[in-house]
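Enquirer: File upload35.cif follows (mmCIF, C-alpha atoms):
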data_start
#
loop_
_atom_site.group_PDB
_atom_site.id
_atom_site.type_symbol
_atom_site.label_atom_id
_atom_site.label_comp_id
_atom_site.auth_asym_id
_atom_site.auth_seq_id
_atom_site.Cartn_x
_atom_site.Cartn_y
_atom_site.Cartn_z
ATOM 1 C CA ILE A 1 -43.422 -16.235 -22.650
ATOM 2 C CA GLN A 2 -46.313 -18.564 -21.821
ATOM 3 C CA ASN A 3 -49.413 -17.754 -19.806
ATOM 4 C CA ASP A 4 -52.710 -19.629 -19.515
ATOM 5 C CA GLU A 5 -54.580 -16.595 -18.221
ATOM 6 C CA LEU A 6 -55.780 -13.278 -19.705
ATOM 7 C CA LYS A 7 -53.355 -10.575 -20.871
ATOM 8 C CA THR A 8 -50.173 -12.053 -22.260
ATOM 9 C CA GLY A 9 -47.300 -10.184 -23.900
ATOM 10 C CA LEU A 10 -43.906 -8.765 -23.127
ATOM 11 C CA PHE A 11 -46.061 -6.324 -21.139
ATOM 12 C CA ARG A 12 -49.373 -7.666 -19.840
ATOM 13 C CA VAL A 13 -50.879 -4.155 -19.902
ATOM 14 C CA VAL A 14 -49.644 -0.816 -21.234
ATOM 15 C CA GLU A 15 -51.600 1.749 -19.246
ATOM 16 C CA THR A 16 -52.954 5.081 -20.509
ATOM 17 C CA ASN A 17 -49.773 7.056 -19.816
ATOM 18 C CA GLY A 18 -47.476 4.275 -20.978
ATOM 19 C CA VAL A 19 -45.331 4.590 -24.113
ATOM 20 C CA ILE A 20 -43.408 1.659 -25.610
ATOM 21 C CA LYS A 21 -41.040 2.929 -28.295
ATOM 22 C CA ASN A 22 -38.478 1.455 -30.737
ATOM 23 C CA LEU A 23 -38.582 -2.020 -29.201
ATOM 24 C CA LYS A 24 -37.879 -5.302 -31.029
ATOM 25 C CA ILE A 25 -39.073 -8.637 -29.710
ATOM 26 C CA TYR A 26 -38.147 -12.204 -30.717
ATOM 27 C CA GLY A 27 -39.142 -15.687 -29.527
ATOM 28 C CA THR A 28 -42.627 -17.039 -28.793
ATOM 29 C CA ILE A 29 -45.608 -15.546 -26.980
ATOM 30 C CA THR A 30 -48.385 -17.974 -26.028
ATOM 31 C CA GLY A 31 -51.514 -17.177 -24.046
ATOM 32 C CA ALA A 32 -55.283 -17.546 -23.822
ATOM 33 C CA ASP A 33 -57.208 -14.325 -24.606
ATOM 34 C CA ASN A 34 -55.821 -10.790 -25.088
ATOM 35 C CA VAL A 35 -52.426 -11.855 -26.385
ATOM 36 C CA GLY A 36 -49.898 -9.598 -28.131
ATOM 37 C CA GLY A 37 -46.217 -9.573 -28.948
ATOM 38 C CA ILE A 38 -45.718 -6.269 -27.138
ATOM 39 C CA ALA A 39 -48.845 -5.954 -24.966
ATOM 40 C CA GLY A 40 -51.768 -8.135 -23.995
ATOM 41 C CA GLU A 41 -53.872 -5.000 -23.473
ATOM 42 C CA LEU A 42 -53.055 -1.545 -24.826
ATOM 43 C CA TYR A 43 -54.384 1.697 -23.336
ATOM 44 C CA GLY A 44 -51.296 3.776 -24.065
ATOM 45 C CA LYS A 45 -48.996 4.017 -27.078
ATOM 46 C CA ILE A 46 -46.810 1.624 -29.040
ATOM 47 C CA ILE A 47 -44.524 3.528 -31.423
ATOM 48 C CA GLY A 48 -41.941 2.252 -33.914
ATOM 49 C CA CYS A 49 -41.817 -1.285 -32.533
ATOM 50 C CA GLU A 50 -41.094 -4.579 -34.313
ATOM 51 C CA ASN A 51 -42.415 -8.005 -33.473
ATOM 52 C CA HIS A 52 -40.511 -11.034 -34.774
ATOM 53 C CA ALA A 53 -42.022 -13.481 -32.281
ATOM 54 C CA VAL A 54 -44.607 -16.160 -33.017
ATOM 55 C CA VAL A 55 -47.763 -15.098 -31.186
ATOM 56 C CA THR A 56 -50.435 -17.682 -30.372
ATOM 57 C CA GLY A 57 -53.682 -17.374 -28.453
ATOM 58 C CA ASN A 58 -57.423 -17.879 -28.567
ATOM 59 C CA THR A 59 -59.392 -14.625 -28.875
ATOM 60 C CA LYS A 60 -58.029 -11.072 -29.355
ATOM 61 C CA VAL A 61 -54.582 -11.994 -30.619
ATOM 62 C CA GLY A 62 -52.201 -9.600 -32.416
ATOM 63 C CA GLY A 63 -48.580 -9.143 -33.362
ATOM 64 C CA MET A 64 -48.384 -5.906 -31.345
ATOM 65 C CA PHE A 65 -51.352 -6.078 -28.952
ATOM 66 C CA GLY A 66 -54.336 -8.271 -28.238
ATOM 67 C CA HIS A 67 -56.956 -5.836 -26.963
ATOM 68 C CA GLY A 68 -56.646 -2.102 -27.621
ATOM 69 C CA SER A 69 -58.674 0.683 -26.057
ATOM 70 C CA GLY A 70 -58.751 4.298 -27.163
ATOM 71 C CA GLU A 71 -60.254 5.845 -24.041
ATOM 72 C CA SER A 72 -59.647 9.613 -24.135
ATOM 73 C CA GLY A 73 -57.818 9.117 -27.436
ATOM 74 C CA ALA A 74 -54.851 7.583 -25.648
ATOM 75 C CA GLY A 75 -54.576 4.108 -27.149
ATOM 76 C CA THR A 76 -52.646 3.925 -30.412
ATOM 77 C CA ALA A 77 -50.126 1.896 -32.401
ATOM 78 C CA VAL A 78 -47.996 3.956 -34.810
ATOM 79 C CA ASP A 79 -45.199 3.046 -37.261
ATOM 80 C CA CYS A 80 -45.026 -0.564 -36.078
ATOM 81 C CA ILE A 81 -44.081 -3.664 -38.090
ATOM 82 C CA ASN A 82 -45.007 -7.269 -37.451
ATOM 83 C CA TYR A 83 -42.815 -9.982 -38.984
ATOM 84 C CA GLY A 84 -43.920 -12.844 -36.746
ATOM 85 C CA GLU A 85 -46.601 -15.431 -37.343
ATOM 86 C CA VAL A 86 -49.876 -14.784 -35.504
ATOM 87 C CA HIS A 87 -52.248 -17.666 -34.732
ATOM 88 C CA GLY A 88 -55.601 -17.591 -32.942
ATOM 89 C CA TYR A 89 -59.262 -18.489 -33.079
ATOM 90 C CA ALA A 90 -61.179 -15.201 -33.358
ATOM 91 C CA GLN A 91 -60.299 -11.488 -33.584
ATOM 92 C CA VAL A 92 -56.805 -12.156 -34.860
ATOM 93 C CA GLY A 93 -54.586 -9.579 -36.608
ATOM 94 C CA GLY A 94 -51.023 -8.846 -37.625
ATOM 95 C CA ILE A 95 -50.964 -5.685 -35.481
ATOM 96 C CA GLY A 96 -53.998 -5.904 -33.162
ATOM 97 C CA GLY A 97 -56.652 -8.481 -32.389
ATOM 98 C CA TYR A 98 -59.526 -6.271 -31.265
ATOM 99 C CA THR A 99 -59.243 -2.506 -31.093
ATOM 100 C CA TRP A 100 -60.781 0.719 -29.985
ATOM 101 C CA ALA A 101 -57.274 2.148 -30.350
ATOM 102 C CA ALA A 102 -56.126 3.853 -33.544
ATOM 103 C CA ILE A 103 -53.670 1.978 -35.763
ATOM 104 C CA THR A 104 -51.623 4.284 -37.987
ATOM 105 C CA ASN A 105 -48.872 3.641 -40.556
ATOM 106 C CA CYS A 106 -48.321 0.057 -39.435
ATOM 107 C CA THR A 107 -47.256 -2.912 -41.579
ATOM 108 C CA ASN A 108 -47.781 -6.629 -41.292
ATOM 109 C CA ALA A 109 -45.354 -8.948 -43.080
ATOM 110 C CA GLY A 110 -46.148 -12.133 -41.179
ATOM 111 C CA LEU A 111 -48.555 -15.018 -41.673
ATOM 112 C CA VAL A 112 -51.872 -14.431 -39.878
ATOM 113 C CA GLU A 113 -54.136 -17.434 -39.284
ATOM 114 C CA GLY A 114 -57.441 -17.667 -37.443
ATOM 115 C CA VAL A 115 -60.861 -19.277 -37.621
ATOM 116 C CA ASN A 116 -63.059 -16.171 -37.884
ATOM 117 C CA THR A 117 -62.728 -12.367 -37.767
ATOM 118 C CA THR A 118 -59.134 -12.338 -38.924
ATOM 119 C CA GLY A 119 -57.230 -9.534 -40.691
ATOM 120 C CA GLY A 120 -53.764 -8.669 -41.880
ATOM 121 C CA ILE A 121 -53.696 -5.587 -39.636
ATOM 122 C CA VAL A 122 -56.573 -6.129 -37.187
ATOM 123 C CA GLY A 123 -59.217 -8.755 -36.566
ATOM 124 C CA LEU A 124 -61.977 -6.385 -35.425
ATOM 125 C CA VAL A 125 -61.769 -2.583 -35.379
ATOM 126 C CA GLU A 126 -64.659 -1.370 -33.261
ATOM 127 C CA ALA A 127 -64.422 2.401 -32.766
ATOM 128 C CA ALA A 128 -61.098 3.736 -34.039
ATOM 129 C CA THR A 129 -59.520 4.558 -37.390
ATOM 130 C CA VAL A 130 -57.095 2.273 -39.197
ATOM 131 C CA SER A 131 -55.091 4.481 -41.553
ATOM 132 C CA GLY A 132 -52.003 4.318 -43.746
ATOM 133 C CA CYS A 133 -51.440 0.636 -43.030
ATOM 134 C CA LYS A 134 -50.084 -2.090 -45.297
ATOM 135 C CA ASN A 135 -50.406 -5.847 -45.250
ATOM 136 C CA ASN A 136 -47.859 -7.958 -47.115
ATOM 137 C CA GLY A 137 -48.531 -11.229 -45.304
ATOM 138 C CA THR A 138 -50.845 -14.136 -46.053
ATOM 139 C CA VAL A 139 -54.148 -14.077 -44.149
ATOM 140 C CA GLY A 140 -55.970 -17.400 -43.837
ATOM 141 C CA ALA A 141 -58.980 -18.736 -41.958
ATOM 142 C CA THR A 142 -61.709 -21.375 -42.056
ATOM 143 C CA SER A 143 -64.761 -19.235 -41.277
ATOM 144 C CA TRP A 144 -66.212 -15.741 -41.857
ATOM 145 C CA ASN A 145 -65.033 -12.116 -41.694
ATOM 146 C CA ILE A 146 -61.558 -12.330 -43.226
ATOM 147 C CA GLY A 147 -59.753 -9.307 -44.698
ATOM 148 C CA GLY A 148 -56.375 -8.154 -45.929
ATOM 149 C CA ILE A 149 -56.544 -5.186 -43.540
ATOM 150 C CA ALA A 150 -59.490 -5.911 -41.191
ATOM 151 C CA GLY A 151 -61.589 -8.998 -40.621
ATOM 152 C CA ARG A 152 -64.535 -6.831 -39.634
ATOM 153 C CA SER A 153 -64.442 -3.023 -39.664
ATOM 154 C CA ALA A 154 -67.079 -1.250 -37.600
ATOM 155 C CA SER A 155 -65.029 1.955 -37.864
ATOM 156 C CA LYS A 156 -63.225 3.747 -40.675
ATOM 157 C CA VAL A 157 -60.424 2.167 -42.712
ATOM 158 C CA THR A 158 -58.561 4.631 -44.923
ATOM 159 C CA ASP A 159 -55.446 4.881 -47.108
ATOM 160 C CA CYS A 160 -54.518 1.230 -46.618
ATOM 161 C CA VAL A 161 -52.940 -1.283 -49.016
ATOM 162 C CA ASN A 162 -53.147 -5.064 -49.095
ATOM 163 C CA ASN A 163 -50.576 -7.027 -51.088
ATOM 164 C CA GLY A 164 -51.051 -10.378 -49.359
ATOM 165 C CA SER A 165 -53.132 -13.402 -50.267
ATOM 166 C CA VAL A 166 -56.409 -13.601 -48.337
ATOM 167 C CA TYR A 167 -58.422 -16.804 -48.165
ATOM 168 C CA THR A 168 -61.105 -18.661 -46.251
ATOM 169 C CA THR A 169 -63.043 -21.859 -46.803
ATOM 170 C CA SER A 170 -66.192 -19.962 -45.757
ATOM 171 C CA ASP A 171 -67.562 -16.513 -46.680
ATOM 172 C CA ALA A 172 -67.340 -12.749 -46.087
ATOM 173 C CA VAL A 173 -63.789 -12.254 -47.319
ATOM 174 C CA GLY A 174 -62.311 -9.100 -48.834
ATOM 175 C CA GLY A 175 -59.004 -7.669 -49.921
ATOM 176 C CA ILE A 176 -59.402 -4.828 -47.414
ATOM 177 C CA SER A 177 -62.287 -5.814 -45.101
ATOM 178 C CA GLY A 178 -64.217 -9.060 -44.793
ATOM 179 C CA THR A 179 -67.292 -7.238 -43.493
ATOM 180 C CA ALA A 180 -67.320 -3.437 -43.739
ATOM 181 C CA GLN A 181 -69.792 -1.751 -41.403
ATOM 182 C CA ALA A 182 -68.151 1.667 -41.756
ATOM 183 C CA ALA A 183 -66.462 3.660 -44.517
ATOM 184 C CA VAL A 184 -63.562 2.203 -46.479
ATOM 185 C CA THR A 185 -61.793 5.005 -48.350
ATOM 186 C CA ASN A 186 -58.781 5.361 -50.645
ATOM 187 C CA CYS A 187 -57.664 1.759 -50.190
ATOM 188 C CA THR A 188 -55.941 -0.575 -52.660
ATOM 189 C CA ASN A 189 -55.924 -4.338 -52.911
ATOM 190 C CA ALA A 190 -53.306 -6.119 -55.042
ATOM 191 C CA GLY A 191 -53.573 -9.531 -53.385
ATOM 192 C CA SER A 192 -55.580 -12.601 -54.338
ATOM 193 C CA VAL A 193 -58.866 -13.131 -52.479
ATOM 194 C CA GLN A 194 -60.501 -16.549 -52.192
ATOM 195 C CA GLY A 195 -63.633 -17.804 -50.450
ATOM 196 C CA ASN A 196 -66.932 -19.585 -51.022
ATOM 197 C CA ASN A 197 -69.465 -16.735 -50.855
ATOM 198 C CA ASN A 198 -69.436 -12.945 -50.505
ATOM 199 C CA VAL A 199 -65.930 -12.495 -51.895
ATOM 200 C CA GLY A 200 -64.740 -9.013 -52.835
ATOM 201 C CA GLY A 201 -61.587 -7.300 -53.985
ATOM 202 C CA ILE A 202 -62.183 -4.573 -51.385
ATOM 203 C CA ALA A 203 -64.980 -5.875 -49.118
ATOM 204 C CA GLY A 204 -66.818 -9.173 -48.979
ATOM 205 C CA VAL A 205 -69.908 -7.794 -47.235
ATOM 206 C CA THR A 206 -70.955 -4.167 -46.686
ATOM 207 C CA SER A 207 -73.659 -2.738 -44.461
ATOM 208 C CA ALA A 208 -75.597 0.494 -45.054
ATOM 209 C CA LYS A 209 -72.753 2.461 -43.421
ATOM 210 C CA GLY A 210 -70.039 0.437 -45.116
ATOM 211 C CA VAL A 211 -69.546 2.839 -48.016
ATOM 212 C CA VAL A 212 -66.542 2.075 -50.224
ATOM 213 C CA SER A 213 -65.071 5.082 -52.021
ATOM 214 C CA GLY A 214 -61.862 6.017 -53.831
ATOM 215 C CA CYS A 215 -60.732 2.402 -53.986
#
Could you render the structure from this file as structure tokens?

Expert:
Amino acid sequence: IQNDELKTGLFRVVETNGVIKNLKIYGTITGADNVGGIAGELYGKIIGCENHAVVTGNTKVGGMFGHGSGESGAGTAVDCINYGEVHGYAQVGGIGGYTWAAITNCTNAGLVEGVNTTGGIVGLVEAATVSGCKNNGTVGATSWNIGGIAGRSASKVTDCVNNGSVYTTSDAVGGISGTAQAAVTNCTNAGSVQGNNNVGGIAGVTSAKGVVSGC
């Protein structure tokens, strides 16, 4: 699938009442912004799906979805696994690129590469919880906000595990979150973390609300 416009995936948009369940996808998905293996934009639910495709885009790029919204609590990805490589510029993740949608019990096993705001599970989590997720893939970038679970977490990350290598040639890199602006709780990092400045086993940079506990 190749598209030079917004919203690229097997489904361009999964609407609020939409449910995509137990689906496996292979091949290549290439787009501009809001690019995902299953959905370019997610407002509904993705449950128990697998992505084996190589997903490539610019901004908001993910193995499952590019842009996720949790309006009325609808948007969510649950029990999904990404095996495919994910490549983008910013807000790049193994499951989601940018999300207001909850991500629960998902796993990334693929290579994730971006320039900035890149994570093994999600590039940027804005206003939803990432919980019970695991990253086993390598996460690499050349700029800031790089994490084994989230590149930048402005909402809660809990009960997550990173086993993959995480690296950048810049700064703000962490085993769980590159920049944590919300709570990070009960998370474990077993992967190597490399960067130039602000390098942490759990978080590279934390704000006043970025409290790390039980890790």

Enquirer: For the atom pair CA of Asp79 (chain A) and CA of Ser213 (chain A), what is the interatomic distance in Å to one decimal place?

Expert: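 So the two atoms, CA of Asp79 (chain A) and CA of Ser213 (chain A), lie 24.8 Å apart.
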
Enquirer: If you measure from CA of Val139 (chain A) to CA of Val122 (chain A), what distance in Å do you get, rounded to one decimal?

Expert: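 Rounded to one decimal, the two atoms are 10.8 Å apart.
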
Enquirer: Applying the PyMOL selection byres ((chain A and resi 24) around 8) to the file I just gave you, which residues come out? Please list them as number ranges by chain.

Expert: A: 22-23, 25-26, 49-52

Enquirer: To test your reading of the syntax: which residues would the PyMOL selection byres ((chain A and resi 150) around 9) return for the file shown? Reply as a PyMOL selection string.

Expert: chain A and resi 93+117-125+130+145-149+151-153+157+174-180

Enquirer: Provide an axis-aligned box for all listed atoms of region 159-173 of chain A, padding each side by 8 Å; report its centre and its edge lengths in Å to one decimal, as lines of an AutoDock Vina configuration file.

Expert:
center_x = -59.1
center_y = -8.5
center_z = -48.4
size_x = 33.0
size_y = 42.7
size_z = 21.3

Enquirer: For the file shown, report as JSON, numbers by chain the outcome of the PyMOL selection byres ((chain A and resi 208) around 10) at residue level.

Expert: {"A": [180, 181, 182, 183, 206, 207, 209, 210, 211]}

Enquirer: With distances taken over only C-alpha atoms, which residue among A:Val205, A:Val14, A:Leu6, A:Ala53 lies nearest Gly31 (chain A)?

Expert: A:Leu6

Enquirer: Env of Glu126 (chain A): 6 Å cut, atoms = all atoms listed in the file, seq-sep filter 2 positions within chain, self excluded. Answer as number ranges by chain.

Expert: A: 99-100, 154-155

Enquirer: Between CA of Asn162 (chain A) and CA of Asn105 (chain A), what is the distance in Å, rounded to a tenth?

Expert: 12.9 Å

Enquirer: Select, from A:Thr188, A:Ile1, A:Thr142, A:Gly44, the residue with the minimum atom-to-atom distance to Gly27 (chain A), counting all atoms listed in the file.

Expert: A:Ile1

Enquirer: Which is closer to Gly200 (chain A) than all the others in A:Val173, A:Cys215, A:Ile29, A:Ile20, using all atoms listed in the file?

Expert: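 Comparing A:Val173, A:Cys215, A:Ile29, A:Ile20 against Gly200 (chain A), the winner is A:Val173.
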
Enquirer: Can you work out which one of A:Ala102, A:Val55, A:Cys160, A:Ala74 has the shortest atom-to-atom distance to Gly114 (chain A), counting only C-alpha atoms?

Expert: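 Of A:Ala102, A:Val55, A:Cys160, A:Ala74, the one nearest Gly114 (chain A) is A:Val55, counting only C-alpha atoms.
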
Enquirer: A:Val61, A:Asn116, A:Leu111, A:Ala203: which is nearest Gly164 (chain A), counting only C-alpha atoms?

Expert: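 Of the candidates, the smallest distance to Gly164 (chain A) is held by A:Leu111.
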
Enquirer: Would you pick out the contacts of Val13 (chain A) at 7 Å or less, using all atoms listed in the file, so that residues sharing its chain but fewer than 3 positions from it are not included, and give the list as a ChimeraX atom specification?

Expert: /A:7,39-42

Enquirer: Rank A:Gly201, A:Gly18, A:Gly62, A:Gly137 by their smallest atom-to-atom distance to Gly97 (chain A), using only C-alpha atoms, and report the top residue only.

Expert: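 Nearest to Gly97 (chain A): A:Gly62.
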
Enquirer: Start from the incomplete input, build N, CA and C atoms for region 109-144 of chain A, and deliver everything as a PDB file, in the coordinates of the input.

Expert:
ATOM      1  N   ALA A 109     -46.060  -8.135 -42.096  1.00  0.00           N
ATOM      2  CA  ALA A 109     -45.354  -8.948 -43.080  1.00  0.00           C
ATOM      3  C   ALA A 109     -45.380 -10.420 -42.700  1.00  0.00           C
ATOM      4  N   GLY A 110     -46.114 -10.762 -41.659  1.00  0.00           N
ATOM      5  CA  GLY A 110     -46.148 -12.133 -41.179  1.00  0.00           C
ATOM      6  C   GLY A 110     -47.421 -12.865 -41.565  1.00  0.00           C
ATOM      7  N   LEU A 111     -47.380 -14.180 -41.467  1.00  0.00           N
ATOM      8  CA  LEU A 111     -48.555 -15.018 -41.673  1.00  0.00           C
ATOM      9  C   LEU A 111     -49.541 -14.792 -40.535  1.00  0.00           C
ATOM     10  N   VAL A 112     -50.817 -14.590 -40.877  1.00  0.00           N
ATOM     11  CA  VAL A 112     -51.872 -14.431 -39.878  1.00  0.00           C
ATOM     12  C   VAL A 112     -52.926 -15.509 -40.135  1.00  0.00           C
ATOM     13  N   GLU A 113     -53.167 -16.350 -39.133  1.00  0.00           N
ATOM     14  CA  GLU A 113     -54.136 -17.434 -39.284  1.00  0.00           C
ATOM     15  C   GLU A 113     -55.116 -17.437 -38.118  1.00  0.00           C
ATOM     16  N   GLY A 114     -56.398 -17.569 -38.449  1.00  0.00           N
ATOM     17  CA  GLY A 114     -57.441 -17.667 -37.443  1.00  0.00           C
ATOM     18  C   GLY A 114     -58.558 -18.551 -37.931  1.00  0.00           C
ATOM     19  N   VAL A 115     -59.651 -18.588 -37.183  1.00  0.00           N
ATOM     20  CA  VAL A 115     -60.861 -19.277 -37.621  1.00  0.00           C
ATOM     21  C   VAL A 115     -61.843 -18.259 -38.163  1.00  0.00           C
ATOM     22  N   ASN A 116     -62.186 -17.232 -37.374  1.00  0.00           N
ATOM     23  CA  ASN A 116     -63.059 -16.171 -37.884  1.00  0.00           C
ATOM     24  C   ASN A 116     -62.561 -14.804 -37.418  1.00  0.00           C
ATOM     25  N   THR A 117     -63.039 -13.762 -38.089  1.00  0.00           N
ATOM     26  CA  THR A 117     -62.728 -12.367 -37.767  1.00  0.00           C
ATOM     27  C   THR A 117     -61.207 -12.172 -37.673  1.00  0.00           C
ATOM     28  N   THR A 118     -60.587 -12.343 -38.825  1.00  0.00           N
ATOM     29  CA  THR A 118     -59.134 -12.338 -38.924  1.00  0.00           C
ATOM     30  C   THR A 118     -58.695 -11.364 -40.010  1.00  0.00           C
ATOM     31  N   GLY A 119     -57.696 -10.507 -39.704  1.00  0.00           N
ATOM     32  CA  GLY A 119     -57.230  -9.534 -40.691  1.00  0.00           C
ATOM     33  C   GLY A 119     -55.728  -9.363 -40.675  1.00  0.00           C
ATOM     34  N   GLY A 120     -55.204  -8.885 -41.783  1.00  0.00           N
ATOM     35  CA  GLY A 120     -53.764  -8.669 -41.880  1.00  0.00           C
ATOM     36  C   GLY A 120     -53.256  -7.632 -40.897  1.00  0.00           C
ATOM     37  N   ILE A 121     -54.067  -6.609 -40.625  1.00  0.00           N
ATOM     38  CA  ILE A 121     -53.696  -5.587 -39.636  1.00  0.00           C
ATOM     39  C   ILE A 121     -54.456  -5.805 -38.331  1.00  0.00           C
ATOM     40  N   VAL A 122     -55.765  -5.992 -38.407  1.00  0.00           N
ATOM     41  CA  VAL A 122     -56.573  -6.129 -37.187  1.00  0.00           C
ATOM     42  C   VAL A 122     -57.745  -7.072 -37.453  1.00  0.00           C
ATOM     43  N   GLY A 123     -58.071  -7.860 -36.429  1.00  0.00           N
ATOM     44  CA  GLY A 123     -59.217  -8.755 -36.566  1.00  0.00           C
ATOM     45  C   GLY A 123     -60.527  -7.990 -36.581  1.00  0.00           C
ATOM     46  N   LEU A 124     -60.760  -7.179 -35.544  1.00  0.00           N
ATOM     47  CA  LEU A 124     -61.977  -6.385 -35.425  1.00  0.00           C
ATOM     48  C   LEU A 124     -61.620  -4.983 -34.965  1.00  0.00           C
ATOM     49  N   VAL A 125     -61.927  -3.984 -35.788  1.00  0.00           N
ATOM     50  CA  VAL A 125     -61.769  -2.583 -35.379  1.00  0.00           C
ATOM     51  C   VAL A 125     -63.156  -2.066 -35.045  1.00  0.00           C
ATOM     52  N   GLU A 126     -63.336  -1.681 -33.779  1.00  0.00           N
ATOM     53  CA  GLU A 126     -64.659  -1.370 -33.261  1.00  0.00           C
ATOM     54  C   GLU A 126     -64.987   0.116 -33.338  1.00  0.00           C
ATOM     55  N   ALA A 127     -64.095   0.976 -32.863  1.00  0.00           N
ATOM     56  CA  ALA A 127     -64.422   2.401 -32.766  1.00  0.00           C
ATOM     57  C   ALA A 127     -63.178   3.266 -32.881  1.00  0.00           C
ATOM     58  N   ALA A 128     -62.316   2.957 -33.813  1.00  0.00           N
ATOM     59  CA  ALA A 128     -61.098   3.736 -34.039  1.00  0.00           C
ATOM     60  C   ALA A 128     -60.790   3.686 -35.525  1.00  0.00           C
ATOM     61  N   THR A 129     -59.873   4.523 -35.974  1.00  0.00           N
ATOM     62  CA  THR A 129     -59.520   4.558 -37.390  1.00  0.00           C
ATOM     63  C   THR A 129     -58.249   3.763 -37.645  1.00  0.00           C
ATOM     64  N   VAL A 130     -58.290   2.956 -38.693  1.00  0.00           N
ATOM     65  CA  VAL A 130     -57.095   2.273 -39.197  1.00  0.00           C
ATOM     66  C   VAL A 130     -56.677   3.023 -40.452  1.00  0.00           C
ATOM     67  N   SER A 131     -55.478   3.628 -40.428  1.00  0.00           N
ATOM     68  CA  SER A 131     -55.091   4.481 -41.553  1.00  0.00           C
ATOM     69  C   SER A 131     -53.633   4.277 -41.937  1.00  0.00           C
ATOM     70  N   GLY A 132     -53.366   4.371 -43.238  1.00  0.00           N
ATOM     71  CA  GLY A 132     -52.003   4.318 -43.746  1.00  0.00           C
ATOM     72  C   GLY A 132     -51.291   3.009 -43.494  1.00  0.00           C
ATOM     73  N   CYS A 133     -52.035   1.932 -43.355  1.00  0.00           N
ATOM     74  CA  CYS A 133     -51.440   0.636 -43.030  1.00  0.00           C
ATOM     75  C   CYS A 133     -51.285  -0.235 -44.269  1.00  0.00           C
ATOM     76  N   LYS A 134     -50.366  -1.193 -44.177  1.00  0.00           N
ATOM     77  CA  LYS A 134     -50.084  -2.090 -45.297  1.00  0.00           C
ATOM     78  C   LYS A 134     -49.953  -3.523 -44.803  1.00  0.00           C
ATOM     79  N   ASN A 135     -50.579  -4.426 -45.525  1.00  0.00           N
ATOM     80  CA  ASN A 135     -50.406  -5.847 -45.250  1.00  0.00           C
ATOM     81  C   ASN A 135     -49.706  -6.520 -46.418  1.00  0.00           C
ATOM     82  N   ASN A 136     -48.591  -7.178 -46.113  1.00  0.00           N
ATOM     83  CA  ASN A 136     -47.859  -7.958 -47.115  1.00  0.00           C
ATOM     84  C   ASN A 136     -47.882  -9.450 -46.812  1.00  0.00           C
ATOM     85  N   GLY A 137     -48.519  -9.833 -45.719  1.00  0.00           N
ATOM     86  CA  GLY A 137     -48.531 -11.229 -45.304  1.00  0.00           C
ATOM     87  C   GLY A 137     -49.770 -11.968 -45.776  1.00  0.00           C
ATOM     88  N   THR A 138     -49.696 -13.288 -45.725  1.00  0.00           N
ATOM     89  CA  THR A 138     -50.845 -14.136 -46.053  1.00  0.00           C
ATOM     90  C   THR A 138     -51.803 -14.164 -44.872  1.00  0.00           C
ATOM     91  N   VAL A 139     -53.104 -14.038 -45.174  1.00  0.00           N
ATOM     92  CA  VAL A 139     -54.148 -14.077 -44.149  1.00  0.00           C
ATOM     93  C   VAL A 139     -55.066 -15.249 -44.475  1.00  0.00           C
ATOM     94  N   GLY A 140     -55.166 -16.215 -43.567  1.00  0.00           N
ATOM     95  CA  GLY A 140     -55.970 -17.400 -43.837  1.00  0.00           C
ATOM     96  C   GLY A 140     -56.865 -17.766 -42.677  1.00  0.00           C
ATOM     97  N   ALA A 141     -58.032 -18.339 -42.988  1.00  0.00           N
ATOM     98  CA  ALA A 141     -58.980 -18.736 -41.958  1.00  0.00           C
ATOM     99  C   ALA A 141     -59.918 -19.812 -42.516  1.00  0.00           C
ATOM    100  N   THR A 142     -60.770 -20.324 -41.649  1.00  0.00           N
ATOM    101  CA  THR A 142     -61.709 -21.375 -42.056  1.00  0.00           C
ATOM    102  C   THR A 142     -63.159 -20.946 -41.885  1.00  0.00           C
ATOM    103  N   SER A 143     -63.399 -19.699 -41.468  1.00  0.00           N
ATOM    104  CA  SER A 143     -64.761 -19.235 -41.277  1.00  0.00           C
ATOM    105  C   SER A 143     -64.900 -17.813 -41.818  1.00  0.00           C
ATOM    106  N   TRP A 144     -65.790 -17.008 -41.256  1.00  0.00           N
ATOM    107  CA  TRP A 144     -66.212 -15.741 -41.857  1.00  0.00           C
ATOM    108  C   TRP A 144     -65.435 -14.534 -41.345  1.00  0.00           C
TER     109      TRP A 144
END
